[in-house]
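The structure appears right after this line, and notes come after that.
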Amino acid sequence: MKLKSQLPVLALLLWFWPLFLKAQLSPGDLCEPHAHLEGLSKCTLCHTLGNKVSDQKCLDCHQALDRRIKASKGYHTSAEVVGKSCVSCHNDHHGRNFQIIRFEENKFDHRLAGYPLEGAHQKTACRDCHQKKFIADSEIAAQKYTFLGLDTECLSCHDDYHQQSLPADCLSCHDFNAFKPAPQFNHDKAKFILLGKHLETACEECHPTTQRNGKTFQQFNNLKFGKCTDCHEDVHDNKFGNDCKKCHSEVSFRQLNKNHVFDHNRTSYPLEGRHATVACAACHKKRITDPLRFRYCIDCHEDYHRGQFTASAATADCEACHTTEGFGSSTYTLERHQQSGYPLNGAHQATACSECHQKSGDWNFRDIGRQCVDCHADLHQGFIPDSYYPASACTNCHSEESWASIRFDHNLTSYPLQGRHQGPSCRACHFSGQDPAKPVQRFSGLSQQCSACHQDNHQGQFDRDGLTDCLRCHDPSNWKAEKFDHTKTRFPLEGKHAQAACGDCHKTLPVTGKSYVLYKINDFRCEACH
Amino acid sequence: MQKATHRLYLILLTLMVAAAGIYLTALGWDYYQTGLEERFFHQSHELLKPSGLWGHGLGVAGTLLILGGVFGYMARKRYRFMRHWGLLKHWLEFHIFLCTLGPLMILFHTSFKFGGIVSISFWSMVAVFLSGIAGRFIYLQIPRSIEGRELSLNEVRGMRTGLSNEMKAATGMDSTLIAQLTSLTESAGTTSSRNYLANYLSDRKLISQALNLMKQKGLAPPVKKKIKKLIASELSLNHRIARLQKMQQLFRYWHVAHLPFALVMLVIMVIHVVVTILFGFKWIF
């Protein structure tokens with residue numbers, strides 16, 4: 001074979017060699033973080049001629065790691081790494097997307113990094129902690145990829161929920177499992193030791209959320225706790241002083257100390273009268289400290305009057321009439337009754353309350369009526385025409401002063417009363433009958449003849465046509481026979497006759513059981529008398 | 001070397017190459033299938049990576065095999081004092097063996113990662129290998145002396161004249177039949193076209209005619225088989241004679257491709273080896 005014939009081809013190849021030389025000698029692309037080291041002139045930045053890759057050249061760049069290794073800190077000083085070359089783990093030239101740091105998160109033993117992962121940290125993704133914002137060293141934070149630079153202090157990653165109100169030693173209260181609860185915290189070591197109900201109380205009850213630096217947080221210190229009232233409301237309005245423990249304990253607000261002395265009179269409801277002798281349980285039915293209503297008597301007492309006084313006025317209370325001395329007596333005076341809708345007059349003032357207000361056994365104070373007939377029986381019903389007392393208005397004749405005092409104008413009738421007729425009681429003419437308890441009334445239809453009421457003592461001697469007109473002789477004013485004129489008789493008195501006593505001539509004659517004077521003498525002969 | 005022994009020797013060489021290929025494939029099957037960015041984390045990476053104990057060793061061994069194969073064969077052809085050191089044909093066969101096994105090892109040395117300047121060397125090697133296969137085909141088309149030297153056109157034509165005598169000596173047939181068969185082959189193959197398929201069909205037709213002729217004469221089957229083989233050989237020779245000039249020209253062009261690629265391969269390989277050693281990758285040394 002002639003070399004001449006090969007020369008053009010060789011020349012062609014030689015011509016293109018510089019192009020080939022421009023291509024890298026590299027066995028493969030560097031990974032993304034090392035991409036800036038790509039290029040023929042940069043090989044020795046990592047490679048040492050004759051001695052592969054030098055660890056020192058790696059650390060010349062990775063200075064932060066170098067400092068940690070020199071300080072014997074971190075994973076790269078652990079037994080797993082010491083003695084290995086950098087490239088045995090962090091190889092390169094395997095392509096741009098090669099993972100030069102490959103963490104199998106589940107397999108990496110974080111203890112080797114000098115910070116064992118415990119609790120919730122074990123479930124946290126690497127990148128949740130290994131973030132630039134948590135790296136204090138700005139030089140490390142500026143690196144594009146790094147697992148360095150994190151501090152082991154909790155607050156280097158976590159927000160200070162307590163807003164610097166507590167020491168930065170989070171683990172003295174919290175563990176790694178969760179922020180809440182804080183199992184390491186022992187309240188017994190605090191200045192305020194929890195006893196009784198305080199042990200069951202939610203933290204938030206005493207440790208309120210508040211604001212600081214524009215953030216809401218729960219306050220755990222600088223809380224006042226010297227007095228119970230620093231947290232608790234004083235339901236007694238300071239009536240018993242500040243020392244709640246004199247009566248109460250932490251076991252329960254409602255469970256009082258056995259040896260406590262309780263002065264009820266310091267409460268809002270001092271015990272007076274018969275209340276002072278009532279057993280506590282009579283009012284405090286369940287627990288003694290259960291709050292009771294006491295504004296009105298009916299808060300405890302049954303309303304004997306069935307709402308008669310409270311129906312129209314909500315504030316009306318028993319004490320308006322009664323006292324704590326007893327329910328039987330009343331402070332309701334006559335004067336107050338006079339100011340009521342039915343002032344008491346006359347005989348009513350002397351009438352017992354029960355006569356009107358306890359007619360049917362129960363006491364009634366409402367709607368018992370104001371008409372006389374609401375209480376009194378109308379004796380005259382059916383006997384006196386309604387025209388004389390319309391609507392049963394008794395007061396047309398009677399007054400409250402006395403039932404017996406009657407002021408009826410008899411002149412309104414067809415029989416005005418004259419003379420001695422004005423004296424007798426009404427009953428004398430209008431009531432009759434043998435039994436005074438059951439008199440027979442007659443107010444209408446009465447005869448105006450004297451004999452209708454009066455007995456004829458003259459035994460009918462002066463009858464004319466069956467009627468005896470007494471007024472021919474008698475005057476109603478005194479009942480004397482002053483109108484009798486002997487001269488108008490058939491035997492006018494003359495002479496000695498005029499001086500003679502009446503009985504000398506008019507003899508008293510006996511008649512069955514009685515006697516009468518014979519005035520009608522029919523025999524005028526002298527010898528008839530003489 | 002006996003023909004059978006030589007055949008066994010060639011089979012052995014072939015089997016060695018095949019065994020090496022199968023073994024290397026089986027050894028790194030999982031590793032070589034792993035993506036480039038994942039290989040570092042593969043358990044076999046340390047062993048099979050190009051700079052690993054095994055991978056680097058393949059590179060060194062493959063390079064030595066190729067160098068031995070190339071320069072040994074070149075020296076045998078070039079230097080007079082080596083002229084009597086075995087048959088050139090055998091040197092060629094060993095050249096093919098070394099330069100097949102060597103690239104195979106280089107292929108596994110690369111771990112099928114072809115990048116950077118050294119890939120030029122690799123692809124040049126592939127080109128040399130493929131051109132070698134093509135060259136072997138062309139080589140066979142040129143009739144050679146027993147030493148492997150190319151025969152001239154006249155020497156080749158001279159080989160044809162003995163056919164009728166060979167037939168007569170082998171079969172004892174009458175000269176009329178031999179003349180008829182010879183006339184069949186004389187006309188065919190002398191104007192060989194480029195169309196290999198047409199040539200093949202034409203040859204088949206001619207052999208069929210010869211078989212019919214022998215059947216009419218009632219020749220015995222062993223004789224028929226022998227004559228058929230002689231005719232086929234004759235026809236092949238005819239084609240070779242027809243293609244000889246073209247093949248000789250093609251073979252010259254082939255050298256132009258085969259050797260420069262080998263040179264490129266070698267030069268860049270040297271750069272690759274120097275850089276490797278320079279950066280401290282010295283295998284076991």
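Ordering of the structure tokens sets the chain letters (A, B, ...); residue numbers start at 1 within each chain; ligands are numbered from 1 in the order shown.
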
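Note that DSSP on the backbone gives helix (DSSP H, G or I) to these residues of range 367-421 of chain A: Cys372, Val373, Asp374, Cys375, Asp386, Ser387, Tyr388, Pro390, Ala391, Ser392, Cys394, Thr395, Asn396, His410, Asn411, Leu412, Gly419, Arg420 and His421 of chain A.
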
Residues of chain A within 6 Å of chain B, counting only C-alpha atoms - could you list those as a PDB file with N, CA and C atoms, in the first residue's frame?
ATOM      1  N   GLN A   6      -2.716   7.627   0.980  1.00  0.00           N
ATOM      2  CA  GLN A   6      -3.387   7.855   2.272  1.00  0.00           C
ATOM      3  C   GLN A   6      -3.237   9.290   2.757  1.00  0.00           C
ATOM      4  N   GLN A  24     -13.654  18.083  25.170  1.00  0.00           N
ATOM      5  CA  GLN A  24     -13.024  17.789  26.436  1.00  0.00           C
ATOM      6  C   GLN A  24     -12.461  16.379  26.480  1.00  0.00           C
ATOM      7  N   LEU A  25     -11.486  16.309  27.340  1.00  0.00           N
ATOM      8  CA  LEU A  25     -10.924  14.988  27.618  1.00  0.00           C
ATOM      9  C   LEU A  25     -11.740  14.298  28.698  1.00  0.00           C
ATOM     10  N   SER A  26     -12.679  15.085  29.234  1.00  0.00           N
ATOM     11  CA  SER A  26     -13.459  14.608  30.381  1.00  0.00           C
ATOM     12  C   SER A  26     -14.182  13.307  30.055  1.00  0.00           C
ATOM     13  N   PRO A  27     -14.207  12.412  31.024  1.00  0.00           N
ATOM     14  CA  PRO A  27     -14.931  11.161  30.792  1.00  0.00           C
ATOM     15  C   PRO A  27     -16.436  11.325  30.895  1.00  0.00           C
ATOM     16  N   LEU A  49      -2.194  16.004  39.365  1.00  0.00           N
ATOM     17  CA  LEU A  49      -1.499  15.224  38.336  1.00  0.00           C
ATOM     18  C   LEU A  49      -0.751  14.066  38.990  1.00  0.00           C
ATOM     19  N   GLY A  50      -1.043  12.917  38.488  1.00  0.00           N
ATOM     20  CA  GLY A  50      -0.364  11.729  38.983  1.00  0.00           C
ATOM     21  C   GLY A  50      -0.969  11.148  40.236  1.00  0.00           C
ATOM     22  N   ASN A  51      -1.995  11.812  40.770  1.00  0.00           N
ATOM     23  CA  ASN A  51      -2.530  11.304  42.040  1.00  0.00           C
ATOM     24  C   ASN A  51      -4.051  11.449  42.132  1.00  0.00           C
ATOM     25  N   LYS A  52      -4.691  11.171  41.006  1.00  0.00           N
ATOM     26  CA  LYS A  52      -6.156  11.181  40.970  1.00  0.00           C
ATOM     27  C   LYS A  52      -6.740  12.485  41.553  1.00  0.00           C
ATOM     28  N   HIS A  94     -20.465  11.919  36.122  1.00  0.00           N
ATOM     29  CA  HIS A  94     -21.517  10.941  35.810  1.00  0.00           C
ATOM     30  C   HIS A  94     -22.740  11.615  35.225  1.00  0.00           C
ATOM     31  N   GLY A  95     -22.543  12.786  34.667  1.00  0.00           N
ATOM     32  CA  GLY A  95     -23.678  13.453  34.025  1.00  0.00           C
ATOM     33  C   GLY A  95     -24.143  14.639  34.839  1.00  0.00           C
ATOM     34  N   PHE A  98     -26.411  14.047  37.811  1.00  0.00           N
ATOM     35  CA  PHE A  98     -25.943  13.081  38.812  1.00  0.00           C
ATOM     36  C   PHE A  98     -26.083  13.665  40.217  1.00  0.00           C
TER      37      PHE A  98
END

- Task: Would you return as number ranges by chain the members of range 142-273 of chain A that DSSP assigns to strand (DSSP E) on this structure's backbone?
- Result: A: 209-212, 215-218

For the residues in that selection, give me C-alpha atoms as a short mmCIF file (atom, residue, chain, number, x, y, z; two decimals), in the first residue's frame.
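result_21.cif written:
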data_model
loop_
_atom_site.label_atom_id
_atom_site.label_comp_id
_atom_site.auth_asym_id
_atom_site.auth_seq_id
_atom_site.Cartn_x
_atom_site.Cartn_y
_atom_site.Cartn_z
CA THR A 209 -53.16 34.01 75.27
CA THR A 210 -51.91 37.50 74.78
CA GLN A 211 -50.12 39.61 72.20
CA ARG A 212 -46.48 40.53 71.96
CA LYS A 215 -48.07 37.83 67.69
CA THR A 216 -50.45 35.84 69.79
CA PHE A 217 -48.86 33.64 72.41
CA GLN A 218 -49.70 32.01 75.69
#

- Which residues come within 9 Å of Ala127 in chain B, counting only C-alpha atoms, excluding same-chain residues fewer than 4 positions away, as number ranges by chain? B: 122-123, 131-132, 257-258, 261-262

- Message: Give me the residues near Tyr139 in chain B as an MDAnalysis selection string, where near means some atom within 12 Å (using only C-alpha atoms) and where sequence neighbours in that chain fewer than 2 positions away do not count.
- Response: chainID B and resid 89 92 131:137 141:144 148:150 240 244 247:252 254:255

- Message: For a quick check of understanding, using only C-alpha atoms, which of A:Leu509, A:Ser425, A:Asp160, A:Gly28 has the smallest distance to Asn457 in chain A?
- Response: A:Leu509

- Which of these residues is nearest to His90 in chain B, using only C-alpha atoms: B:Leu206, B:Leu13, B:Leu235, B:Val126? B:Leu13

- Query: range 29-38 of chain A: which residues within 8 Å, counting only C-alpha atoms, same-chain residues fewer than 6 positions away excluded, as a PyMOL selection string?
  - Reply: chain A and resi 45+92-100+144-145

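Proximity of B:Leu213, B:Ile227, B:Met125, B:Leu53 to Leu67 in chain B, computed with only C-alpha atoms, is greatest for B:Met125.
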
- Query: Expressed in Å to a single decimal, how great is the separation between CA of Phe462 in chain A and CA of Gln449 in chain A?
  - Reply: 14.1 Å

- Query: What is the CA of Leu271 in chain A to CA of Ala320 in chain A distance in Å?
  - Reply: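 Taking CA of Leu271 in chain A and CA of Ala320 in chain A, their separation equals 17.9 Å.
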
- Point out the residue among B:Ser111, B:Leu8, B:Phe81, B:Lys246 with the least atom-to-atom distance to Asp30 in chain B, counting only C-alpha atoms. B:Ser111
